[in-house]
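Working notes, structure below.
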Protein chains: 2
Amino acid sequence: MAETGGGGEGLLFLTDEQLRKGIEAMFFAYRGFTADPDRILEGLDYGRAHHRAVHFINRSPGLTVSSLMAILGVTKQSLNRVLRTLIDDGLVEARIGREDRRERNLYLTDKGMVLERSLSDAQRARMRAAYRTAGPQAVQGFRTVLEAMMDPEMRRQYLGLKEAGS
Amino acid sequence: MAETGGGGEGLLFLTDEQLRKGIEAMFFAYRGFTADPDRILEGLDYGRAHHRAVHFINRSPGLTVSSLMAILGVTKQSLNRVLRTLIDDGLVEARIGREDRRERNLYLTDKGMVLERSLSDAQRARMRAAYRTAGPQAVQGFRTVLEAMMDPEMRRQYLGLKEAGS
DNA sequence: CTTGGAATGTCAACAAGGCTGACGTAAATT
DNA sequence: AATTTACGTCAGCCTTGTTGACATTCCAAG
């Protein structure tokens, strides 16, 4: 243990073995990360794709279909299938754009917000427990490494849309 | 910055907004995490499922089908489909267990090791770059939070199979 | 030895959620 | 007026997950 914390310890943290551990940590942790929402979604006719859509619509109310496509990194056909069910079920509203009437601005309805709440509450609960266990300094490192791991375009999405900031 | 490192700074890191940022960091970072192997796999007739199987067979040569099922969290039918193609293509060898002849011990062939290498080289390169950018202290925090985020069972898989240790 | 159960393989059917290609419509732009 | 953009939709395909059913092999207990 007893890390120097300064970076001058011979880069032991960059050995292949250390990197492999990091890779597996990502794999196993991501499973935990999605487990709770998945449990809620199963049986509701919805899946992870719906969760993602609802999450980002909630975060940025009024965002367009194109923007959401870019954020999620899926095709319009794939997104449309998900959006279609959410709109038909009254969880999402697609308003015609005021400036550019070709665009559709997406909003959660009250019903949609209820689902979003239950999903994000579950996910936040796990994240909160992990944060609390690990402590603020670890959380700082966690965010730093994850941000460095993103593709530049995704990093822009991640950084560019934060309101409150780190 | 100037974190106390003790948790007595008012728990600002546990606000809903901070947790939301952590959630999105996981989402965007995981995309980057899988992007490079995915690029290699596309066109080879293989997918992410093959990557995962090859990774864990490489890590623990001789592991059984049951063990791999437990690690990957998929059904035998799903795993078998992936394993079938890997065996047929000569990337994986399934030897009958010596002690219990019902079991199949899985090994990478030389050909399988070549693929594993190219996939893990790509993934490690990104991980290495992120680690280098973030620094050893951040890496420590990264691993700590991820470990806390896992389901207990997955945490056992993660910790129990490491040879070199942290 | 026989039988029960465990480990594995396999066939079939199905679903979610990706993808491409093609086509249509409305609205903005040139 | 022609073109481009944003979006929706139909059709079909792929990967990877799921259940259910059934066969085989083999260990272990009676």
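Residue names in the structure tokens use chain letters A, B, ... in the order shown, residue numbers from 1 in each chain, and ligand numbers from 1 in the order shown.
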Members of chain B assigned strand (DSSP E) by DSSP, as a PyMOL selection string:
chain B and resi 63-64+92-96+104-108
Show me which bits of chain A are within 9 Å of chain D, counting only C-alpha atoms (C1' of nucleotides), as a PyMOL selection string.
chain A and resi 65-66+76-77+80+102-104
From the list B:Val74, B:Ala53, B:Leu119, B:Met26, which residue is nearest chain A when using only C-alpha atoms?
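Ranking B:Val74, B:Ala53, B:Leu119, B:Met26 by distance to chain A, first place goes to B:Met26.
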Residues of chain B in alpha helix (DSSP H) according to DSSP, as a PyMOL selection string?
chain B and resi 16-41+48-59+65-72+76-88+110-134+136-149+152-160
Which is closer to chain C than all the others in A:Val139, A:Ala122, A:Leu72, A:Val114, using only C-alpha atoms (C1' of nucleotides)?
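Checking each of A:Val139, A:Ala122, A:Leu72, A:Val114 against chain C, counting only C-alpha atoms (C1' of nucleotides), the winner is A:Leu72.
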Pick out the chain C residues within 10 Å of chain B. Count only C-alpha atoms (C1' of nucleotides). Give them as a ChimeraX atom specification.
/C:6-10
For Thr144 of chain B, find every residue with an atom within 12 Å (counting only C-alpha atoms (C1' of nucleotides)), except residues of its own chain fewer than 4 positions away, and show them as a PyMOL selection string.
(chain A and resi 21-22+25-26+29+130-143+145) or (chain B and resi 137-140+148-150+155+159+166)
Pairwise distance for atom CA of Thr85 of chain B and atom CA of Gly112 of chain B, rounded to one decimal in Å:
11.9 Å
Counting only C-alpha atoms (C1' of nucleotides), what is within 9 Å of Arg48 of chain A, bar same-chain residues fewer than 6 positions away, as a VMD selection string?
chain A and resid 34 37 to 38 41
Output of the above residues as a CSV table (one decimal), in the first residue's frame, restricted to N, CA, C and O atoms:
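result-v2.csv written:
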chain,number,residue,atom,x,y,z
A,34,THR,N,-25.3,-1.1,-13.8
A,34,THR,CA,-26.5,-1.2,-14.5
A,34,THR,C,-27.5,-2.2,-13.8
A,34,THR,O,-28.7,-2.2,-14.3
A,37,PRO,N,-31.1,-0.5,-12.1
A,37,PRO,CA,-32.1,0.0,-13.1
A,37,PRO,C,-32.6,-1.2,-13.9
A,37,PRO,O,-33.8,-1.3,-14.2
A,38,ASP,N,-31.7,-2.1,-14.3
A,38,ASP,CA,-32.2,-3.2,-15.1
A,38,ASP,C,-33.3,-4.0,-14.3
A,38,ASP,O,-34.3,-4.5,-15.0
A,41,LEU,N,-36.5,-2.1,-14.7
A,41,LEU,CA,-37.0,-2.1,-16.0
A,41,LEU,C,-37.6,-3.4,-16.5
A,41,LEU,O,-38.5,-3.5,-17.3
Separation of atom CA of Arg84 of chain B from atom CA of Gly47 of chain B, in Å and rounded to one decimal:
13.5 Å
Taken to one decimal, the atom CA of Leu108 of chain B-atom CA of Pro61 of chain B distance is 7.3 Å
